[in-house]
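Visitor: Structure provided below as structure tokens; questions to follow.
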Amino acid sequence: MERNRIKLEFLVHDLKVPLAVIEAGILSLLQKQDKYGEFIDKQIKILERALRNTIVTRTLVNDALELGRSSQGIINKSTFTPAQLVLQTLTEVLDLTDHSVADAIKECASLADLKTCLSGHGLFLEVDDTFWTRDLYLDEGKVKQIFRNLLTNALKYKKNRVLLKITRSERHLFIAVSDDGDGIPSGYHKKIFECYFQMDMKSDHCVRGHGLGLAGVQVLLEDMGGELSLESDTGKGATFSVKIPW
Ligand SMILES: Nc1ncnc2c1ncn2[C@@H]1O[C@H](COP(=O)(O)OP(=O)(O)O)[C@@H](O)[C@H]1O
Ligand SMILES: [Mg+2]
């Protein structure tokens with residue numbers, strides 16, 4: 001690895017420690033109010049918000065390291081289920097945008113419950129009951145990062161609905177994320193995968209993007225031997241479909 005890249009990754013790596021200290025500090029303030037003193041509701045809300053954002057930052061730091069690892073061709077396979085993948089990713093993403101939904105998800109006792117709960121918020125989940133709890137053996141960090149980026153985009157650009165579809169074949173895992181937003185004109189289908197490219201800088205979102213998400217998704221997918229396809233046109237929403245070999 002070239003020296004500058006090592007320095008940069010080292011720096012990112014070292015961010016983990018102060019972040020963990022911040023996270024643990026906020027958590028203990030919230031959990032040990034009997035010891036440190038009680039907070040009023042407003043203070044609790046602020047601390048919870050700070051905690052959520054610390055967790056997001058931790059995820060981003062891990063993602064940055066994962067991209068670095070990936071470009072070295074390192075694959076780290078483990079066992080996880082579609083249920084874990086979907087629940088963890090949805091909770092992470094929705095915690096930022098709509099944490100009442102994130103809280104509601106945690107209460108769902110079954111897949112059917114979850115589907116009903118999500119559909120009430122314009123999120124539609126299509127996955128087989130039998131597949132939902134089946135073990136997958138893939139690089140979980142990479143798969144999650146891919147899914148999270150596509151989901152974040154869909155939620156950002158949708159009008160009313162997002163559809164998540166997870167299926168499998170003998171040899172592949174398929175994840176499709178669709179939204180009913182303005183879509184992407186065919187002339188931009190290549191460009192949006194380039195680093196720092198954004199069709200238009202939407203300013204009405206709380207977190208500004210950097211046009212790095214899809215470029216990262218491509219890198220991770222290539223390293224797993226996967227493929228991504230995009231079906232979209234102006235005014236027709238967008239469907240990003242991912243195919244990952246076992
Ligand atoms: N679901 C989508 N609907 C419409 N446009 C999209 C969608 N996903 C991505 N794009 C376009 O592709 C660009 C690049 O996306 P991405 O790499 O995730 O960057 P970012 O989210 O940081 O803007 C976005 O700025 C947007 O213009
Ligand atoms: Mg994005």
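Letters A, B, ... go to the chains of the structure tokens in the order shown; residues in each chain start at 1; ligands are counted from 1 in the same order.
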When the cut-off is 10 Å and you count only C-alpha atoms and all ligand atoms, which residues lie near ligand 2, shown as a PyMOL selection string?

Guide: chain A and resi 148-157+192+198+208-217

Visitor: Name the residues of stretch 82-216 of chain A that come out as helix (DSSP H, G or I) in a backbone DSSP run; write them as a ChimeraX atom specification.

Guide: /A:82-97,99-107,111-119,129-132,140-157,186-188,191-193,213-216

Visitor: Leaving out stretch 54-65 of chain A and any residue of its chain fewer than 5 positions from it, which residues lie within 7 Å of it when counting only C-alpha atoms, given as a VMD selection string?

Guide: chain A and resid 9 12 16 19 23 145

Visitor: Between atom CA of A:Gly68 and atom CA of A:Pro18, what is the distance, to one decimal in Å?

Guide: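 So the two atoms, atom CA of A:Gly68 and atom CA of A:Pro18, lie 20.5 Å apart.
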
Visitor: For ligand 1, which residue out of A:Val242, A:Leu228, A:Val177, A:Ile74 is the nearest one, using only C-alpha atoms and all ligand atoms?

Guide: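 Selected residue with least distance to ligand 1: A:Val177.
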
Visitor: With only C-alpha atoms as the counted atoms, please give the residues lying no more than 9 Å from stretch 115-124 of chain A, apart from itself and same-chain residues fewer than 2 positions off, as JSON, numbers by chain.

Guide: {"A": [101, 104, 105, 108, 110, 111, 112, 113, 126, 160, 161, 162, 163, 164, 165]}

Visitor: Restricting the output to all heavy atoms, write the selected residues as a compact mmCIF listing (two decimals), in the first residue's frame.

Guide:
# COMPACT_ATOMS: atom_id res chain seq x y z
N VAL A 101 -40.03 5.00 13.72
CA VAL A 101 -40.13 3.74 12.97
C VAL A 101 -39.07 2.77 13.48
O VAL A 101 -39.34 1.58 13.66
CB VAL A 101 -39.94 3.95 11.44
CG1 VAL A 101 -40.33 2.69 10.69
CG2 VAL A 101 -40.70 5.13 10.94
N ALA A 104 -40.30 1.25 16.53
CA ALA A 104 -41.42 0.34 16.26
C ALA A 104 -40.91 -1.01 15.73
O ALA A 104 -41.43 -2.07 16.10
CB ALA A 104 -42.39 0.96 15.27
N ILE A 105 -39.86 -0.96 14.90
CA ILE A 105 -39.31 -2.19 14.33
C ILE A 105 -38.82 -3.14 15.42
O ILE A 105 -39.01 -4.35 15.35
CB ILE A 105 -38.11 -1.86 13.40
CG1 ILE A 105 -38.60 -1.17 12.15
CG2 ILE A 105 -37.35 -3.11 13.03
CD1 ILE A 105 -37.46 -0.69 11.28
N CYS A 108 -41.34 -5.56 16.80
CA CYS A 108 -41.99 -6.56 15.95
C CYS A 108 -41.55 -7.97 16.31
O CYS A 108 -40.36 -8.25 16.41
CB CYS A 108 -41.67 -6.31 14.48
SG CYS A 108 -42.35 -4.76 13.89
N SER A 110 -42.56 -10.89 14.64
CA SER A 110 -42.45 -11.83 13.51
C SER A 110 -42.20 -11.06 12.22
O SER A 110 -42.36 -9.84 12.17
CB SER A 110 -43.74 -12.63 13.37
OG SER A 110 -44.79 -11.74 13.02
N LEU A 111 -41.88 -11.81 11.18
CA LEU A 111 -41.66 -11.19 9.87
C LEU A 111 -42.95 -10.53 9.38
O LEU A 111 -42.93 -9.42 8.84
CB LEU A 111 -41.17 -12.23 8.86
CG LEU A 111 -41.01 -11.78 7.41
CD1 LEU A 111 -40.04 -10.62 7.29
CD2 LEU A 111 -40.54 -12.94 6.53
N ALA A 112 -44.09 -11.22 9.62
CA ALA A 112 -45.38 -10.66 9.20
C ALA A 112 -45.64 -9.33 9.92
O ALA A 112 -46.06 -8.35 9.29
CB ALA A 112 -46.50 -11.65 9.49
N ASP A 113 -45.36 -9.29 11.21
CA ASP A 113 -45.50 -8.06 12.00
C ASP A 113 -44.65 -6.94 11.41
O ASP A 113 -45.08 -5.81 11.27
CB ASP A 113 -44.95 -8.28 13.42
CG ASP A 113 -46.03 -8.70 14.38
OD1 ASP A 113 -47.15 -8.91 13.90
OD2 ASP A 113 -45.72 -8.82 15.58
N GLU A 126 -40.16 -7.43 0.72
CA GLU A 126 -40.53 -8.68 0.05
C GLU A 126 -39.43 -9.69 0.29
O GLU A 126 -38.33 -9.54 -0.25
CB GLU A 126 -40.66 -8.40 -1.46
CG GLU A 126 -42.03 -8.71 -2.02
CD GLU A 126 -42.04 -8.48 -3.51
OE1 GLU A 126 -41.61 -9.38 -4.26
OE2 GLU A 126 -42.46 -7.38 -3.91
N ASN A 160 -43.08 8.54 -2.03
CA ASN A 160 -43.88 7.94 -0.97
C ASN A 160 -43.47 6.53 -0.58
O ASN A 160 -43.75 6.08 0.51
CB ASN A 160 -45.36 7.87 -1.38
CG ASN A 160 -45.91 9.24 -1.69
OD1 ASN A 160 -45.89 10.14 -0.85
ND2 ASN A 160 -46.36 9.43 -2.93
N ARG A 161 -42.84 5.83 -1.52
CA ARG A 161 -42.65 4.40 -1.27
C ARG A 161 -41.23 3.92 -1.57
O ARG A 161 -40.59 4.39 -2.50
CB ARG A 161 -43.59 3.59 -2.18
CG ARG A 161 -45.06 3.87 -1.98
CD ARG A 161 -45.84 3.46 -3.21
NE ARG A 161 -45.70 2.03 -3.47
CZ ARG A 161 -46.54 1.12 -3.03
NH1 ARG A 161 -47.59 1.47 -2.35
NH2 ARG A 161 -46.35 -0.16 -3.30
N VAL A 162 -40.82 2.95 -0.76
CA VAL A 162 -39.56 2.24 -1.02
C VAL A 162 -39.85 0.75 -0.92
O VAL A 162 -40.54 0.31 0.00
CB VAL A 162 -38.47 2.63 0.01
CG1 VAL A 162 -37.28 1.70 -0.09
CG2 VAL A 162 -38.02 4.07 -0.21
N LEU A 163 -39.36 -0.01 -1.89
CA LEU A 163 -39.56 -1.46 -1.87
C LEU A 163 -38.22 -2.17 -1.72
O LEU A 163 -37.27 -1.89 -2.47
CB LEU A 163 -40.25 -1.91 -3.16
CG LEU A 163 -40.33 -3.41 -3.43
CD1 LEU A 163 -41.22 -4.11 -2.41
CD2 LEU A 163 -40.85 -3.68 -4.84
N LEU A 164 -38.12 -3.07 -0.74
CA LEU A 164 -36.90 -3.86 -0.55
C LEU A 164 -37.22 -5.30 -0.89
O LEU A 164 -38.19 -5.86 -0.35
CB LEU A 164 -36.44 -3.80 0.91
CG LEU A 164 -36.31 -2.42 1.53
CD1 LEU A 164 -36.01 -2.54 3.01
CD2 LEU A 164 -35.18 -1.69 0.82
N LYS A 165 -36.41 -5.88 -1.75
CA LYS A 165 -36.70 -7.25 -2.16
C LYS A 165 -35.44 -8.09 -1.98
O LYS A 165 -34.38 -7.73 -2.49
CB LYS A 165 -37.07 -7.20 -3.65
CG LYS A 165 -38.04 -8.23 -4.09
CD LYS A 165 -38.55 -7.84 -5.46
CE LYS A 165 -38.99 -9.03 -6.23
NZ LYS A 165 -39.48 -8.67 -7.55

Visitor: Which of these, A:Gly25, A:Pro245, A:Gly37, A:Gly183, has the shortest distance to ligand 1 once you count only C-alpha atoms and all ligand atoms?

Guide: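 So, comparing all the options, the nearest one is A:Gly183.
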
Visitor: Need the shell around A:Lys106: protein/DNA/RNA residues with any atom at most 12 Å away, counting only C-alpha atoms. Skip same-chain ones fewer than 5 positions apart. Format as a tab-separated table (two decimals) with N, CA, C and O atoms, in the first residue's frame?

Guide:
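Done, and the output landed in around39.tsv:
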chain	number	residue	atom	x	y	z
A	84	GLN	N	-31.10	-10.59	10.15
A	84	GLN	CA	-30.11	-9.72	10.81
A	84	GLN	C	-29.72	-8.57	9.90
A	84	GLN	O	-29.65	-7.41	10.32
A	86	VAL	N	-31.33	-7.14	7.39
A	86	VAL	CA	-32.39	-6.16	7.17
A	86	VAL	C	-32.68	-5.38	8.45
A	86	VAL	O	-32.75	-4.14	8.43
A	87	LEU	N	-32.83	-6.09	9.57
A	87	LEU	CA	-33.20	-5.40	10.81
A	87	LEU	C	-32.12	-4.43	11.26
A	87	LEU	O	-32.40	-3.29	11.63
A	88	GLN	N	-30.87	-4.88	11.22
A	88	GLN	CA	-29.79	-4.00	11.68
A	88	GLN	C	-29.65	-2.78	10.77
A	88	GLN	O	-29.49	-1.66	11.24
A	90	LEU	N	-31.93	-1.46	8.66
A	90	LEU	CA	-33.09	-0.57	8.76
A	90	LEU	C	-33.03	0.27	10.04
A	90	LEU	O	-33.29	1.46	10.02
A	91	THR	N	-32.68	-0.39	11.15
A	91	THR	CA	-32.63	0.34	12.42
A	91	THR	C	-31.59	1.46	12.35
A	91	THR	O	-31.87	2.58	12.76
A	92	GLU	N	-30.43	1.13	11.84
A	92	GLU	CA	-29.37	2.14	11.73
A	92	GLU	C	-29.81	3.33	10.90
A	92	GLU	O	-29.65	4.48	11.30
A	94	LEU	N	-32.94	4.21	9.82
A	94	LEU	CA	-34.16	4.90	10.24
A	94	LEU	C	-33.96	5.66	11.55
A	94	LEU	O	-34.64	6.63	11.83
A	95	ASP	N	-33.01	5.20	12.35
A	95	ASP	CA	-32.71	5.87	13.60
A	95	ASP	C	-32.33	7.33	13.33
A	95	ASP	O	-32.55	8.21	14.14
A	99	HIS	N	-36.80	8.05	13.82
A	99	HIS	CA	-36.52	7.04	14.83
A	99	HIS	C	-37.76	6.45	15.49
A	99	HIS	O	-37.67	5.46	16.18
A	100	SER	N	-38.96	7.02	15.23
A	100	SER	CA	-40.16	6.37	15.75
A	100	SER	C	-40.36	5.04	15.02
A	100	SER	O	-40.79	4.05	15.62
A	101	VAL	N	-40.03	5.00	13.72
A	101	VAL	CA	-40.13	3.74	12.97
A	101	VAL	C	-39.07	2.77	13.48
A	101	VAL	O	-39.34	1.58	13.66
A	111	LEU	N	-41.88	-11.81	11.18
A	111	LEU	CA	-41.66	-11.19	9.87
A	111	LEU	C	-42.95	-10.53	9.38
A	111	LEU	O	-42.93	-9.42	8.84
A	113	ASP	N	-45.36	-9.29	11.21
A	113	ASP	CA	-45.50	-8.06	12.00
A	113	ASP	C	-44.65	-6.94	11.41
A	113	ASP	O	-45.08	-5.81	11.27
A	114	LEU	N	-43.41	-7.31	11.09
A	114	LEU	CA	-42.46	-6.33	10.57
A	114	LEU	C	-42.96	-5.75	9.25
A	114	LEU	O	-42.93	-4.53	9.04
A	117	CYS	N	-45.79	-3.38	9.92
A	117	CYS	CA	-45.29	-2.16	10.55
A	117	CYS	C	-44.61	-1.26	9.52
A	117	CYS	O	-44.87	-0.06	9.45
A	118	LEU	N	-43.76	-1.85	8.69
A	118	LEU	CA	-43.02	-1.07	7.69
A	118	LEU	C	-43.97	-0.48	6.64
A	118	LEU	O	-43.81	0.68	6.23

Visitor: Among the residues of chain A, find those DSSP assigns to strand (DSSP E or B) from the backbone and print them as a PyMOL selection string.

Guide: chain A and resi 78-80+123-127+136-138+162-168+172-179+227-232+238-245

Visitor: I'd like the contact shell of A:Thr79 - 10 Å cut-off, only C-alpha atoms, skipping same-chain residues fewer than 4 positions apart - returned as an MDAnalysis selection string.

Guide: chainID A and resid 134:140

Visitor: Could the residues in this selection be written to a file with all heavy atoms, as a PDB file, in the first residue's frame?

Guide:
ATOM      1  N   ARG A 134     -32.584 -18.021   7.228  1.00  0.00           N
ATOM      2  CA  ARG A 134     -31.589 -18.944   6.689  1.00  0.00           C
ATOM      3  C   ARG A 134     -30.180 -18.348   6.818  1.00  0.00           C
ATOM      4  O   ARG A 134     -30.010 -17.150   6.660  1.00  0.00           O
ATOM      5  CB  ARG A 134     -31.925 -19.091   5.215  1.00  0.00           C
ATOM      6  CG  ARG A 134     -31.563 -20.339   4.683  1.00  0.00           C
ATOM      7  CD  ARG A 134     -32.136 -21.451   4.274  1.00  0.00           C
ATOM      8  NE  ARG A 134     -31.211 -22.013   3.289  1.00  0.00           N
ATOM      9  CZ  ARG A 134     -31.641 -22.519   2.172  1.00  0.00           C
ATOM     10  NH1 ARG A 134     -32.907 -22.501   1.876  1.00  0.00           N
ATOM     11  NH2 ARG A 134     -30.785 -23.049   1.347  1.00  0.00           N
ATOM     12  N   ASP A 135     -29.191 -19.187   7.094  1.00  0.00           N
ATOM     13  CA  ASP A 135     -27.824 -18.675   7.208  1.00  0.00           C
ATOM     14  C   ASP A 135     -27.230 -18.308   5.849  1.00  0.00           C
ATOM     15  O   ASP A 135     -27.322 -19.076   4.904  1.00  0.00           O
ATOM     16  CB  ASP A 135     -26.927 -19.737   7.852  1.00  0.00           C
ATOM     17  CG  ASP A 135     -27.021 -19.689   9.364  1.00  0.00           C
ATOM     18  OD1 ASP A 135     -27.536 -18.680   9.890  1.00  0.00           O
ATOM     19  OD2 ASP A 135     -26.600 -20.654  10.014  1.00  0.00           O
ATOM     20  N   LEU A 136     -26.629 -17.128   5.785  1.00  0.00           N
ATOM     21  CA  LEU A 136     -25.864 -16.728   4.601  1.00  0.00           C
ATOM     22  C   LEU A 136     -24.400 -16.758   4.999  1.00  0.00           C
ATOM     23  O   LEU A 136     -24.065 -16.515   6.155  1.00  0.00           O
ATOM     24  CB  LEU A 136     -26.209 -15.301   4.178  1.00  0.00           C
ATOM     25  CG  LEU A 136     -27.677 -14.922   4.001  1.00  0.00           C
ATOM     26  CD1 LEU A 136     -27.796 -13.435   3.722  1.00  0.00           C
ATOM     27  CD2 LEU A 136     -28.256 -15.726   2.861  1.00  0.00           C
ATOM     28  N   TYR A 137     -23.540 -17.030   4.050  1.00  0.00           N
ATOM     29  CA  TYR A 137     -22.119 -17.014   4.359  1.00  0.00           C
ATOM     30  C   TYR A 137     -21.427 -16.076   3.380  1.00  0.00           C
ATOM     31  O   TYR A 137     -21.080 -16.450   2.266  1.00  0.00           O
ATOM     32  CB  TYR A 137     -21.554 -18.438   4.282  1.00  0.00           C
ATOM     33  CG  TYR A 137     -20.128 -18.545   4.743  1.00  0.00           C
ATOM     34  CD1 TYR A 137     -19.792 -18.237   6.065  1.00  0.00           C
ATOM     35  CD2 TYR A 137     -19.124 -18.939   3.873  1.00  0.00           C
ATOM     36  CE1 TYR A 137     -18.475 -18.317   6.491  1.00  0.00           C
ATOM     37  CE2 TYR A 137     -17.802 -19.021   4.300  1.00  0.00           C
ATOM     38  CZ  TYR A 137     -17.489 -18.705   5.611  1.00  0.00           C
ATOM     39  OH  TYR A 137     -16.191 -18.777   6.027  1.00  0.00           O
ATOM     40  N   LEU A 138     -21.313 -14.804   3.801  1.00  0.00           N
ATOM     41  CA  LEU A 138     -20.742 -13.764   2.931  1.00  0.00           C
ATOM     42  C   LEU A 138     -20.007 -12.751   3.805  1.00  0.00           C
ATOM     43  O   LEU A 138     -20.022 -12.852   5.022  1.00  0.00           O
ATOM     44  CB  LEU A 138     -21.867 -13.047   2.177  1.00  0.00           C
ATOM     45  CG  LEU A 138     -22.572 -13.806   1.053  1.00  0.00           C
ATOM     46  CD1 LEU A 138     -23.841 -13.086   0.650  1.00  0.00           C
ATOM     47  CD2 LEU A 138     -21.650 -13.950  -0.158  1.00  0.00           C
ATOM     48  N   ASP A 139     -19.407 -11.748   3.176  1.00  0.00           N
ATOM     49  CA  ASP A 139     -18.751 -10.684   3.940  1.00  0.00           C
ATOM     50  C   ASP A 139     -19.823  -9.718   4.444  1.00  0.00           C
ATOM     51  O   ASP A 139     -20.280  -8.833   3.725  1.00  0.00           O
ATOM     52  CB  ASP A 139     -17.728  -9.964   3.042  1.00  0.00           C
ATOM     53  CG  ASP A 139     -16.815  -9.058   3.848  1.00  0.00           C
ATOM     54  OD1 ASP A 139     -17.318  -8.420   4.801  1.00  0.00           O
ATOM     55  OD2 ASP A 139     -15.623  -8.987   3.538  1.00  0.00           O
ATOM     56  N   GLU A 140     -20.227  -9.915   5.696  1.00  0.00           N
ATOM     57  CA  GLU A 140     -21.364  -9.178   6.245  1.00  0.00           C
ATOM     58  C   GLU A 140     -21.150  -7.658   6.226  1.00  0.00           C
ATOM     59  O   GLU A 140     -22.051  -6.901   5.879  1.00  0.00           O
ATOM     60  CB  GLU A 140     -21.634  -9.645   7.684  1.00  0.00           C
ATOM     61  CG  GLU A 140     -22.863  -8.999   8.278  1.00  0.00           C
ATOM     62  CD  GLU A 140     -23.158  -9.471   9.698  1.00  0.00           C
ATOM     63  OE1 GLU A 140     -22.341 -10.207  10.273  1.00  0.00           O
ATOM     64  OE2 GLU A 140     -24.216  -9.082  10.226  1.00  0.00           O
TER      65      GLU A 140
END

Visitor: What is the atom CA of A:Leu47-atom CA of A:Ser28 distance in Å, reported with one decimal?

Guide: 10.7 Å
